[in-house]
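K.L.:
For reference, this is entry-v2.txt, and it has compact mmCIF, C-alpha atoms and all ligand atoms.
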# COMPACT_ATOMS: atom_id res chain seq x y z
CA MET B 1355 122.58 105.21 112.23
CA ASN B 1356 124.87 107.47 110.21
CA PRO B 1357 124.97 106.62 106.52
CA ILE B 1358 128.32 105.36 105.22
CA PHE B 1359 127.88 107.35 102.03
CA SER B 1360 125.59 110.14 100.97
CA LEU B 1361 125.25 112.56 98.12
CA GLU B 1362 123.72 115.92 98.85
CA ASN B 1363 122.44 118.02 95.96
CA LEU B 1364 125.08 116.82 93.55
CA ASN B 1365 125.17 118.74 90.28
CA VAL B 1366 127.46 117.92 87.38
CA ARG B 1367 127.80 120.31 84.45
CA PHE B 1368 129.91 120.18 81.32
CA ALA B 1369 130.90 123.27 79.39
CA THR B 1370 130.75 122.67 75.64
CA LYS B 1371 130.83 124.90 72.55
CA GLU B 1372 127.13 124.25 72.06
CA GLY B 1373 126.27 125.22 75.63
CA GLU B 1374 126.14 123.71 79.08
CA VAL B 1375 125.30 120.01 79.56
CA ALA B 1376 123.29 119.35 82.73
CA ALA B 1377 124.49 115.78 83.24
CA VAL B 1378 123.37 115.39 86.89
CA SER B 1379 120.97 117.68 88.76
CA ASP B 1380 120.17 117.88 92.47
CA LEU B 1381 120.98 114.26 93.15
CA SER B 1382 120.67 113.23 96.80
CA PHE B 1383 120.58 109.84 98.46
CA SER B 1384 122.20 107.99 101.32
CA LEU B 1385 123.41 104.49 101.88
CA GLN B 1386 123.88 102.46 105.06
CA ARG B 1387 126.49 99.84 105.80
CA GLY B 1388 125.57 96.44 104.39
CA GLU B 1389 123.09 97.94 101.99
CA CYS B 1390 123.09 97.47 98.23
CA LEU B 1391 121.67 100.33 96.19
CA GLY B 1392 120.89 99.86 92.52
CA ILE B 1393 121.00 102.83 90.16
CA VAL B 1394 119.14 102.29 86.91
CA GLY B 1395 118.29 104.40 83.90
CA GLU B 1396 118.84 104.43 80.18
CA SER B 1397 122.19 105.27 78.71
CA GLY B 1398 123.01 108.98 79.15
CA SER B 1399 120.92 109.48 82.29
CA GLY B 1400 123.92 110.62 84.36
CA LYS B 1401 124.71 107.42 86.25
CA SER B 1402 128.43 107.21 85.49
CA GLN B 1403 129.15 110.92 85.71
CA THR B 1404 127.64 110.98 89.21
CA PHE B 1405 130.35 108.66 90.50
CA LEU B 1406 133.17 109.94 88.33
CA ALA B 1407 132.42 113.38 89.79
CA THR B 1408 132.40 111.92 93.29
CA MET B 1409 135.86 110.48 92.76
CA GLY B 1410 137.32 113.61 91.16
CA LEU B 1411 137.58 111.87 87.79
CA LEU B 1412 135.46 114.16 85.61
CA ALA B 1413 136.68 115.27 82.20
CA ALA B 1414 138.42 118.65 82.16
CA ASN B 1415 135.30 120.50 80.96
CA GLY B 1416 133.23 119.16 83.87
CA SER B 1417 132.39 120.83 87.18
CA THR B 1418 130.63 119.64 90.31
CA THR B 1419 128.70 121.23 93.15
CA GLY B 1420 127.14 119.66 96.22
CA ARG B 1421 128.56 117.25 98.76
CA ALA B 1422 129.65 113.61 98.60
CA LEU B 1423 130.10 112.39 102.16
CA PHE B 1424 131.97 109.14 102.70
CA GLN B 1425 132.33 108.16 106.35
CA GLY B 1426 131.71 111.79 107.23
CA GLN B 1427 134.35 113.24 104.86
CA ASP B 1428 133.38 115.31 101.81
CA LEU B 1429 135.14 113.61 98.90
CA LEU B 1430 134.60 116.67 96.70
CA LYS B 1431 136.91 118.67 98.98
CA LEU B 1432 139.81 116.20 98.92
CA ASP B 1433 142.84 116.48 96.66
CA ARG B 1434 143.97 113.70 94.37
CA ASP B 1435 146.42 112.16 96.86
CA ALA B 1436 143.85 112.01 99.62
CA LEU B 1437 141.31 110.47 97.25
CA ASN B 1438 143.78 107.88 96.00
CA LYS B 1439 144.47 106.88 99.56
CA ILE B 1440 140.79 106.23 100.21
CA ARG B 1441 140.36 104.42 96.89
CA GLY B 1442 141.71 100.95 96.86
CA ASP B 1443 141.48 100.80 100.62
CA ARG B 1444 138.11 101.76 102.08
CA LEU B 1445 136.43 102.49 98.78
CA ALA B 1446 136.72 100.46 95.59
CA MET B 1447 135.35 101.22 92.17
CA ILE B 1448 134.85 99.04 89.15
CA PHE B 1449 134.02 100.70 85.86
CA GLN B 1450 132.67 99.20 82.70
CA ASP B 1451 136.00 99.59 80.93
CA SER B 1452 138.06 99.43 84.07
CA GLY B 1453 140.53 97.06 82.42
CA THR B 1454 142.36 100.18 81.37
CA SER B 1455 143.05 101.10 84.97
CA LEU B 1456 145.44 98.21 85.47
CA THR B 1457 149.10 99.23 85.41
CA PRO B 1458 150.39 98.05 82.00
CA HIS B 1459 154.00 97.27 82.93
CA MET B 1460 153.29 95.29 86.08
CA LYS B 1461 152.40 91.61 86.24
CA VAL B 1462 148.77 91.03 87.18
CA GLY B 1463 149.74 88.89 90.18
CA ASP B 1464 152.02 91.62 91.50
CA GLN B 1465 149.25 94.20 91.20
CA LEU B 1466 146.86 92.02 93.15
CA MET B 1467 149.59 91.25 95.68
CA GLU B 1468 150.20 94.96 96.19
CA VAL B 1469 146.57 95.55 97.11
CA LEU B 1470 146.78 93.02 99.91
CA THR B 1471 150.27 93.65 101.22
CA THR B 1472 150.28 97.46 100.99
CA HIS B 1473 146.67 98.33 101.69
CA LYS B 1474 145.59 95.41 103.82
CA GLY B 1475 148.87 94.57 105.58
CA LEU B 1476 148.74 90.84 104.74
CA SER B 1477 151.88 88.69 104.59
CA VAL B 1478 152.96 87.57 101.11
CA GLU B 1479 151.92 84.04 101.94
CA ALA B 1480 148.45 84.97 103.20
CA ALA B 1481 148.00 87.34 100.27
CA ARG B 1482 148.84 84.64 97.76
CA LYS B 1483 146.34 82.26 99.29
CA ARG B 1484 143.60 84.87 99.22
CA ILE B 1485 144.38 85.82 95.60
CA LEU B 1486 144.14 82.20 94.48
CA GLU B 1487 140.78 81.85 96.22
CA VAL B 1488 139.30 84.93 94.59
CA MET B 1489 140.74 84.20 91.14
CA GLU B 1490 139.23 80.75 91.24
CA SER B 1491 135.90 82.03 92.45
CA ILE B 1492 135.62 84.36 89.46
CA ARG B 1493 136.52 81.47 87.15
CA ILE B 1494 139.91 82.56 85.93
CA PRO B 1495 141.48 79.38 84.57
CA GLU B 1496 145.20 78.51 84.87
CA VAL B 1497 145.58 80.93 87.72
CA ASP B 1498 149.34 80.46 88.21
CA LYS B 1499 150.12 81.22 84.59
CA ARG B 1500 147.70 84.13 84.58
CA LEU B 1501 149.23 85.78 87.61
CA SER B 1502 152.63 86.03 85.94
CA GLN B 1503 151.20 87.67 82.82
CA TYR B 1504 150.82 91.35 81.99
CA PRO B 1505 147.42 93.04 81.51
CA HIS B 1506 147.80 93.19 77.70
CA GLU B 1507 147.97 89.39 77.61
CA PHE B 1508 144.41 89.27 78.98
CA SER B 1509 141.26 89.64 76.92
CA GLY B 1510 138.93 92.53 77.76
CA GLY B 1511 136.52 90.28 79.65
CA MET B 1512 139.38 88.70 81.57
CA ARG B 1513 140.84 92.11 82.50
CA GLN B 1514 137.41 93.12 83.76
CA ARG B 1515 137.38 90.04 85.97
CA VAL B 1516 140.81 90.94 87.34
CA MET B 1517 139.53 94.39 88.24
CA ILE B 1518 136.59 92.80 90.01
CA ALA B 1519 138.99 90.46 91.84
CA MET B 1520 141.05 93.44 92.90
CA ALA B 1521 137.99 95.28 94.23
CA LEU B 1522 136.83 92.20 96.11
CA LEU B 1523 140.29 91.63 97.61
CA CYS B 1524 140.17 95.12 99.11
CA GLU B 1525 137.07 94.20 101.10
CA PRO B 1526 136.10 97.85 100.89
CA ASP B 1527 133.58 99.59 103.12
CA LEU B 1528 131.98 100.89 99.94
CA LEU B 1529 132.08 99.25 96.52
CA ILE B 1530 130.88 101.26 93.53
CA ALA B 1531 130.36 99.05 90.51
CA ASP B 1532 129.40 100.71 87.22
CA GLU B 1533 127.96 98.15 84.80
CA PRO B 1534 130.61 95.73 86.08
CA THR B 1535 129.40 92.65 84.27
CA THR B 1536 127.88 94.09 81.11
CA ALA B 1537 130.73 92.88 78.90
CA LEU B 1538 130.81 89.39 80.42
CA ASP B 1539 128.82 86.34 79.48
CA VAL B 1540 125.78 85.38 81.51
CA THR B 1541 127.32 82.56 83.55
CA VAL B 1542 130.30 84.61 84.63
CA GLN B 1543 127.94 87.49 85.32
CA ALA B 1544 125.87 85.38 87.69
CA GLN B 1545 129.03 84.13 89.41
CA ILE B 1546 130.29 87.65 90.00
CA LEU B 1547 126.97 88.86 91.35
CA GLN B 1548 127.13 85.98 93.83
CA LEU B 1549 130.53 87.26 94.94
CA PHE B 1550 129.13 90.74 95.49
CA LYS B 1551 126.43 89.18 97.60
CA ALA B 1552 129.05 87.30 99.62
CA LEU B 1553 131.08 90.49 100.06
CA LYS B 1554 128.04 92.29 101.43
CA HIS B 1555 127.32 89.41 103.72
CA HIS B 1556 130.83 88.80 105.07
CA THR B 1557 132.20 92.31 105.39
CA ASN B 1558 128.96 94.31 105.67
CA SER B 1559 130.21 96.43 102.77
CA ALA B 1560 127.84 98.89 101.18
CA ILE B 1561 127.45 98.48 97.43
CA VAL B 1562 126.29 100.85 94.73
CA LEU B 1563 125.46 98.90 91.61
CA ILE B 1564 124.91 100.88 88.45
CA THR B 1565 123.17 98.94 85.75
CA HIS B 1566 120.59 99.18 83.01
CA ASP B 1567 119.55 95.61 83.81
CA LEU B 1568 116.63 95.48 86.23
CA GLY B 1569 117.09 91.72 86.54
CA VAL B 1570 120.47 92.33 88.19
CA VAL B 1571 118.87 94.82 90.56
CA ALA B 1572 116.20 92.32 91.54
CA GLY B 1573 118.80 89.68 92.37
CA LEU B 1574 121.18 91.77 94.43
CA CYS B 1575 119.90 95.15 95.56
CA ASP B 1576 117.86 96.22 98.57
CA ARG B 1577 116.93 99.61 97.22
CA VAL B 1578 116.86 101.19 93.80
CA ILE B 1579 117.09 104.70 92.39
CA VAL B 1580 115.70 105.31 88.93
CA MET B 1581 117.39 108.16 87.04
CA TYR B 1582 116.08 110.04 84.04
CA GLY B 1583 117.63 113.09 82.42
CA GLY B 1584 120.20 113.45 85.23
CA ARG B 1585 117.63 113.42 88.03
CA VAL B 1586 116.11 110.89 90.41
CA VAL B 1587 112.57 110.16 89.26
CA GLU B 1588 111.84 107.37 91.71
CA GLU B 1589 113.44 105.64 94.68
CA GLY B 1590 112.24 102.77 96.82
CA ALA B 1591 112.77 99.29 98.17
CA VAL B 1592 113.35 96.85 95.32
CA ALA B 1593 110.35 94.71 96.25
CA ASP B 1594 108.05 97.77 96.29
CA ILE B 1595 109.31 99.19 93.02
CA PHE B 1596 108.88 95.87 91.23
CA ALA B 1597 105.42 95.28 92.68
CA ARG B 1598 104.10 98.86 92.59
CA PRO B 1599 106.15 101.19 90.40
CA LYS B 1600 104.91 104.76 90.74
CA HIS B 1601 106.60 106.76 88.04
CA PRO B 1602 105.55 106.28 84.39
CA TYR B 1603 109.22 105.90 83.41
CA THR B 1604 109.80 103.14 85.99
CA LYS B 1605 106.67 101.40 84.70
CA GLY B 1606 108.09 101.67 81.20
CA LEU B 1607 111.41 100.15 82.26
CA LEU B 1608 109.63 97.26 83.95
CA ASN B 1609 107.56 96.66 80.83
CA CYS B 1610 110.78 96.23 78.86
CA MET B 1611 111.88 93.47 81.18
CA PRO B 1612 111.19 89.82 80.41
CA ARG B 1613 109.22 88.15 83.18
CA LEU B 1614 109.15 84.51 84.14
CA ASP B 1615 105.38 84.40 84.14
CA GLN B 1616 105.21 85.95 80.71
CA ASP B 1617 104.20 84.12 77.60
CA LEU B 1618 107.31 83.84 75.43
CA ASP B 1619 105.36 85.23 72.49
CA THR B 1620 104.37 88.41 74.31
CA GLU B 1621 106.39 91.21 72.88
CA LEU B 1622 108.34 93.37 75.29
CA GLN B 1623 107.41 96.99 75.04
CA ALA B 1624 110.29 99.36 74.68
CA ILE B 1625 109.60 102.92 75.78
CA PRO B 1626 108.94 104.92 72.62
CA GLY B 1627 111.03 108.01 71.92
CA GLN B 1628 114.52 109.13 72.91
CA PRO B 1629 116.10 110.23 76.19
CA PRO B 1630 116.22 114.02 76.55
CA ASN B 1631 118.99 116.24 75.28
CA LEU B 1632 120.81 117.32 78.43
CA GLN B 1633 121.86 120.51 76.72
CA LYS B 1634 118.28 121.60 76.16
CA LEU B 1635 116.26 120.19 79.01
CA PRO B 1636 112.64 121.33 78.89
CA PRO B 1637 111.28 123.60 81.67
CA GLY B 1638 108.81 120.93 82.77
CA CYS B 1639 109.16 117.17 83.15
CA ALA B 1640 112.04 115.74 81.12
CA PHE B 1641 109.94 112.64 80.40
CA ALA B 1642 106.97 114.61 79.04
CA ASP B 1643 107.40 113.82 75.34
CA ARG B 1644 107.54 110.07 76.04
CA CYS B 1645 104.90 109.85 78.74
CA ALA B 1646 101.51 108.27 78.10
CA VAL B 1647 99.79 110.25 80.84
CA VAL B 1648 101.32 113.67 80.17
CA THR B 1649 99.21 116.79 80.88
CA ASP B 1650 99.75 120.47 80.09
CA ARG B 1651 101.15 121.11 83.54
CA CYS B 1652 103.93 118.57 82.90
CA LYS B 1653 105.23 120.67 80.02
CA THR B 1654 105.69 123.85 82.01
CA GLU B 1655 106.33 122.82 85.60
CA ARG B 1656 109.03 120.40 86.69
CA PRO B 1657 107.68 117.78 89.13
CA VAL B 1658 109.32 117.84 92.55
CA LEU B 1659 110.71 114.69 94.13
CA ARG B 1660 108.31 113.95 96.99
CA ASP B 1661 108.29 111.41 99.81
CA TYR B 1662 105.39 108.98 99.61
CA ALA B 1663 106.47 106.70 102.45
CA PRO B 1664 109.73 106.32 104.39
CA GLY B 1665 112.42 105.69 101.76
CA GLU B 1666 109.91 105.97 98.93
CA ARG B 1667 110.22 109.00 96.66
CA ALA B 1668 108.96 109.91 93.21
CA ALA B 1669 108.73 113.00 91.00
CA CYS B 1670 105.57 113.07 88.89
CA HIS B 1671 102.56 115.39 88.73
CA ALA B 1672 100.19 112.51 88.06
CA LEU B 1673 101.01 111.04 91.48
CA GLU B 1674 100.13 114.26 93.23
CA ALA B 1675 96.78 114.44 91.51
CA ALA B 1676 96.02 110.82 92.43
N1 LIG B 1701 133.16 115.56 78.83
C1 LIG B 1701 131.85 115.70 78.55
N2 LIG B 1701 131.39 116.80 77.90
C2 LIG B 1701 130.08 116.97 77.64
N3 LIG B 1701 129.14 116.09 78.00
C3 LIG B 1701 129.53 114.96 78.63
C4 LIG B 1701 130.90 114.72 78.94
N4 LIG B 1701 131.00 113.52 79.59
C5 LIG B 1701 129.73 113.06 79.68
N5 LIG B 1701 128.85 113.91 79.12
C6 LIG B 1701 127.39 113.75 79.03
O1 LIG B 1701 126.86 113.48 80.33
C7 LIG B 1701 125.66 112.75 80.19
C8 LIG B 1701 125.57 111.67 81.24
O2 LIG B 1701 126.49 110.66 80.93
P1 LIG B 1701 126.69 109.35 81.80
O3 LIG B 1701 126.73 109.67 83.23
O4 LIG B 1701 127.92 108.70 81.25
O5 LIG B 1701 125.41 108.49 81.46
P2 LIG B 1701 125.09 106.97 81.88
O6 LIG B 1701 126.21 106.44 82.68
O7 LIG B 1701 123.81 107.07 82.62
O8 LIG B 1701 124.92 106.25 80.58
C9 LIG B 1701 125.62 112.22 78.76
O9 LIG B 1701 124.66 112.94 78.05
C10 LIG B 1701 126.99 112.53 78.25
O10 LIG B 1701 126.97 112.80 76.88
S1 LIG B 1702 105.21 114.62 85.44
FE1 LIG B 1702 103.78 114.35 83.76
S2 LIG B 1702 105.05 113.88 81.97
FE2 LIG B 1702 106.31 113.61 83.79
S3 LIG B 1702 106.13 111.47 84.23
FE3 LIG B 1702 104.57 112.48 85.45
S4 LIG B 1702 102.72 112.47 84.20
FE4 LIG B 1702 104.42 111.95 82.84
MG MG B 1703 127.45 104.82 82.27
Show how you would write the structure in this file as structure tokens.

P.N.:
Amino acid sequence: MNPIFSLENLNVRFATKEGEVAAVSDLSFSLQRGECLGIVGESGSGKSQTFLATMGLLAANGSTTGRALFQGQDLLKLDRDALNKIRGDRLAMIFQDSGTSLTPHMKVGDQLMEVLTTHKGLSVEAARKRILEVMESIRIPEVDKRLSQYPHEFSGGMRQRVMIAMALLCEPDLLIADEPTTALDVTVQAQILQLFKALKHHTNSAIVLITHDLGVVAGLCDRVIVMYGGRVVEEGAVADIFARPKHPYTKGLLNCMPRLDQDLDTELQAIPGQPPNLQKLPPGCAFADRCAVVTDRCKTERPVLRDYAPGERAACHALEAA
């Protein structure tokens, strides 16, 4: 089966006065219809820039190489108009601060209506019914009043929910959600993740969910990619990664996560140290100065991402020695 979306050797660089920032390096993965892929990693590991690059939304000092194939078309080769056409129709994106991407001078209801009438060809009546359903399902109270308001009359969390509603209304083939619920409270968060699940189920949409919360990954994703220093360090089925993490960084992330079977008094272990400076990445493993099982080889030679089983990859010298 052809993947619906794949990245091939994606590199993202930023030119700065202090030198080049290697934000994303040699990133490759593919995604099938109906699949949900989680992308996890600490802040600054290149998660957001990967997808901003894919959508042609990098800052002016950024550049991209590689391929980003969506339904067979390389998004990196398309101009802004062609990309806009795909966005909001077959591909929807929700960003952490996506509230800002609502049109300020247009009533929220009209913006939602436009998605359905223009992109999806629904009648005004059918569109209105669908909007009410989705707004209620993401717990927006006083829907009628809300629809006739402008974005600035909404709180940040409420705007975020509207953006999520808009993405869900599109019923996209691919939904890319970058920390979509981070700013929202836990109950609303759970509700929205349920809606993502329903979207996957009903429309067979593929979902990329970027998050630093492994709990969210466990609840929704089929597969997960762990990023560190702009690279993939491990990839696998969610169940496998949780049961048998391979990479020392993945193990560290899992140790930071509260578990149900854990004594409440047990302290969670944060990974000591800081993420690497992407301007001065070391020649060897980027995790070396935080790794408990580091060897001399790790400091000079970068570990290659190797396949350990179908769909299971990791980049660590210790695994090769094992
Ligand atoms: N315009 C820019 N110029 C220089 N560096 C940038 C720019 N935008 C992002 N970066 C750097 O790219 C790296 C990856 O960022 P990002 O993808 O946002 O991380 P994440 O989403 O994983 O937290 C960060 O180190 C960030 O500082
Ligand atoms: S390559 Fe070495 S430093 Fe890097 S994660 Fe593996 S053991 Fe640790
Ligand atoms: Mg980010």

K.L.:
Just the residues within 9 Å of region 1520-1524 of chain B, please, counting all atoms listed in the file, with nothing from its chain fewer than 2 positions along; format it as JSON, numbers by chain.

P.N.:
{"B": [1442, 1443, 1444, 1445, 1446, 1447, 1448, 1465, 1466, 1469, 1470, 1473, 1474, 1484, 1485, 1488, 1515, 1516, 1517, 1518, 1526, 1527, 1529, 1549, 1550, 1553]}

K.L.:
Just the selected residues (C-alpha atoms), exported as a short mmCIF file (atom, residue, chain, number, x, y, z; two decimals), in the frame of the given file, please.

P.N.:
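Below you can see part_25.cif, which holds the result:
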data_model
loop_
_atom_site.label_atom_id
_atom_site.label_comp_id
_atom_site.auth_asym_id
_atom_site.auth_seq_id
_atom_site.Cartn_x
_atom_site.Cartn_y
_atom_site.Cartn_z
CA GLY B 1442 141.71 100.95 96.86
CA ASP B 1443 141.48 100.80 100.62
CA ARG B 1444 138.11 101.76 102.08
CA LEU B 1445 136.43 102.49 98.78
CA ALA B 1446 136.72 100.46 95.59
CA MET B 1447 135.35 101.22 92.17
CA ILE B 1448 134.85 99.04 89.15
CA GLN B 1465 149.25 94.20 91.20
CA LEU B 1466 146.86 92.02 93.15
CA VAL B 1469 146.57 95.55 97.11
CA LEU B 1470 146.78 93.02 99.91
CA HIS B 1473 146.67 98.33 101.69
CA LYS B 1474 145.59 95.41 103.82
CA ARG B 1484 143.60 84.87 99.22
CA ILE B 1485 144.38 85.82 95.60
CA VAL B 1488 139.30 84.93 94.59
CA ARG B 1515 137.38 90.04 85.97
CA VAL B 1516 140.81 90.94 87.34
CA MET B 1517 139.53 94.39 88.24
CA ILE B 1518 136.59 92.80 90.01
CA PRO B 1526 136.10 97.85 100.89
CA ASP B 1527 133.58 99.59 103.12
CA LEU B 1529 132.08 99.25 96.52
CA LEU B 1549 130.53 87.26 94.94
CA PHE B 1550 129.13 90.74 95.49
CA LEU B 1553 131.08 90.49 100.06
#

K.L.:
With distances taken over only C-alpha atoms and all ligand atoms, which residue among B:Ser1402, B:Thr1649, B:Asn1365, B:Asn1356 lies nearest ligand LIG 1701 (chain B)?

P.N.:
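Between B:Ser1402, B:Thr1649, B:Asn1365, B:Asn1356, the residue approaching ligand LIG 1701 (chain B) most closely is B:Ser1402.
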
K.L.:
Write out as JSON lines the residues of chain B that have any atom within 6 Å of an atom of ligand LIG 1702 (chain B), one row each with the nearest atom pair and its distance in Å to one decimal, counting all atoms listed in the file, sorted by chain and then rising number.

P.N.:
{"residue": "B:Pro1602", "atom": "CA", "partner": "B:LIG1702", "partner_atom": "S3", "distance": 5.2}
{"residue": "B:Cys1639", "atom": "CA", "partner": "B:LIG1702", "partner_atom": "FE2", "distance": 4.6}
{"residue": "B:Phe1641", "atom": "CA", "partner": "B:LIG1702", "partner_atom": "FE2", "distance": 5.1}
{"residue": "B:Ala1642", "atom": "CA", "partner": "B:LIG1702", "partner_atom": "S2", "distance": 3.6}
{"residue": "B:Cys1645", "atom": "CA", "partner": "B:LIG1702", "partner_atom": "FE4", "distance": 4.6}
{"residue": "B:Val1647", "atom": "CA", "partner": "B:LIG1702", "partner_atom": "S4", "distance": 5.0}
{"residue": "B:Val1648", "atom": "CA", "partner": "B:LIG1702", "partner_atom": "S2", "distance": 4.1}
{"residue": "B:Thr1649", "atom": "CA", "partner": "B:LIG1702", "partner_atom": "FE1", "distance": 5.9}
{"residue": "B:Cys1652", "atom": "CA", "partner": "B:LIG1702", "partner_atom": "FE1", "distance": 4.3}
{"residue": "B:Pro1657", "atom": "CA", "partner": "B:LIG1702", "partner_atom": "S1", "distance": 5.5}
{"residue": "B:Cys1670", "atom": "CA", "partner": "B:LIG1702", "partner_atom": "FE3", "distance": 3.6}
{"residue": "B:His1671", "atom": "CA", "partner": "B:LIG1702", "partner_atom": "S1", "distance": 4.3}
{"residue": "B:Ala1672", "atom": "CA", "partner": "B:LIG1702", "partner_atom": "S4", "distance": 4.6}

K.L.:
Any chance you can output those residues with C-alpha atoms as a PDB file, in the frame of the given file?

P.N.:
ATOM      1  CA  PRO B1602     105.550 106.280  84.390  1.00  0.00           C
ATOM      2  CA  CYS B1639     109.160 117.170  83.150  1.00  0.00           C
ATOM      3  CA  PHE B1641     109.940 112.640  80.400  1.00  0.00           C
ATOM      4  CA  ALA B1642     106.970 114.610  79.040  1.00  0.00           C
ATOM      5  CA  CYS B1645     104.900 109.850  78.740  1.00  0.00           C
ATOM      6  CA  VAL B1647      99.790 110.250  80.840  1.00  0.00           C
ATOM      7  CA  VAL B1648     101.320 113.670  80.170  1.00  0.00           C
ATOM      8  CA  THR B1649      99.210 116.790  80.880  1.00  0.00           C
ATOM      9  CA  CYS B1652     103.930 118.570  82.900  1.00  0.00           C
ATOM     10  CA  PRO B1657     107.680 117.780  89.130  1.00  0.00           C
ATOM     11  CA  CYS B1670     105.570 113.070  88.890  1.00  0.00           C
ATOM     12  CA  HIS B1671     102.560 115.390  88.730  1.00  0.00           C
ATOM     13  CA  ALA B1672     100.190 112.510  88.060  1.00  0.00           C
TER      14      ALA B1672
END

K.L.:
Residues within 12 Å of ligand MG 1703 (chain B) (only C-alpha atoms and all ligand atoms), as a PyMOL selection string?

P.N.:
chain B and resi 1377+1393-1406+1448-1451+1531-1534+1536+1563-1566+1581+1584

K.L.:
Using only C-alpha atoms, which protein or nucleic acid residues come within 9 Å of Met1611 (chain B)? Drop anything in the same chain fewer than 3 positions from it, and give the result as a PyMOL selection string.

P.N.:
chain B and resi 1567-1569+1607-1608+1622-1624

K.L.:
With distances taken over all atoms listed in the file, which of B:Leu1412, B:Ile1494, B:Val1586, B:Leu1391 is nearest to ligand LIG 1701 (chain B)?

P.N.:
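Nearest candidate to ligand LIG 1701 (chain B) out of B:Leu1412, B:Ile1494, B:Val1586, B:Leu1391: B:Leu1412.
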
K.L.:
Do you know which residues are at most 12 Å from Ala1552 (chain B) counting only C-alpha atoms, after dropping those on the same chain fewer than 3 positions away, and could you put them as a PyMOL selection string?

P.N.:
chain B and resi 1388+1390+1488+1491+1522+1525+1545-1549+1555-1561+1574

K.L.:
Work out how far apart CA of Ala1376 (chain B) and atom O2 of ligand LIG 1701 (chain B) are and give it in Å to one decimal.

P.N.:
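CA of Ala1376 (chain B) sits 9.4 Å away from atom O2 of ligand LIG 1701 (chain B).
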
K.L.:
Name the closest residue to ligand LIG 1701 (chain B) among the candidates B:Thr1654, B:Thr1535, B:Gln1633, B:Gln1425; distances are taken between atoms, counting all atoms listed in the file.

P.N.:
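Ranking B:Thr1654, B:Thr1535, B:Gln1633, B:Gln1425 by distance to ligand LIG 1701 (chain B), first place goes to B:Gln1633.
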
K.L.:
Between B:Pro1630, B:Gly1420, B:Gly1511, B:Pro1664, which one has atoms that come closest to ligand LIG 1701 (chain B), using only C-alpha atoms and all ligand atoms?

P.N.:
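Of B:Pro1630, B:Gly1420, B:Gly1511, B:Pro1664, the one nearest ligand LIG 1701 (chain B), counting only C-alpha atoms and all ligand atoms, is B:Pro1630.
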
K.L.:
Return the single residue from B:Leu1364, B:Leu1632, B:Ala1422, B:Leu1538 that is closest to ligand LIG 1701 (chain B), with distances computed using only C-alpha atoms and all ligand atoms.

P.N.:
B:Leu1632

K.L.:
Between CA of Tyr1662 (chain B) and CA of Gly1583 (chain B), what is the distance, to one decimal in Å?

P.N.:
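For CA of Tyr1662 (chain B) relative to CA of Gly1583 (chain B), the distance reads 21.5 Å.
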
K.L.:
At a cut-off of 10 Å, using only C-alpha atoms, what residues contact Lys1634 (chain B)? Leave out same-chain residues fewer than 6 positions from it and give the result as a PDB file with C-alpha atoms, in the frame of the given file.

P.N.:
ATOM      1  CA  GLY B1373     126.270 125.220  75.630  1.00  0.00           C
ATOM      2  CA  GLU B1374     126.140 123.710  79.080  1.00  0.00           C
ATOM      3  CA  VAL B1375     125.300 120.010  79.560  1.00  0.00           C
ATOM      4  CA  ALA B1376     123.290 119.350  82.730  1.00  0.00           C
ATOM      5  CA  ALA B1640     112.040 115.740  81.120  1.00  0.00           C
TER       6      ALA B1640
END

K.L.:
Name all residues at most 9 Å from Ala1663 (chain B) (count all atoms listed in the file; drop same-chain ones fewer than 3 positions away) and give them as a ChimeraX atom specification.

P.N.:
/B:1590,1666-1667
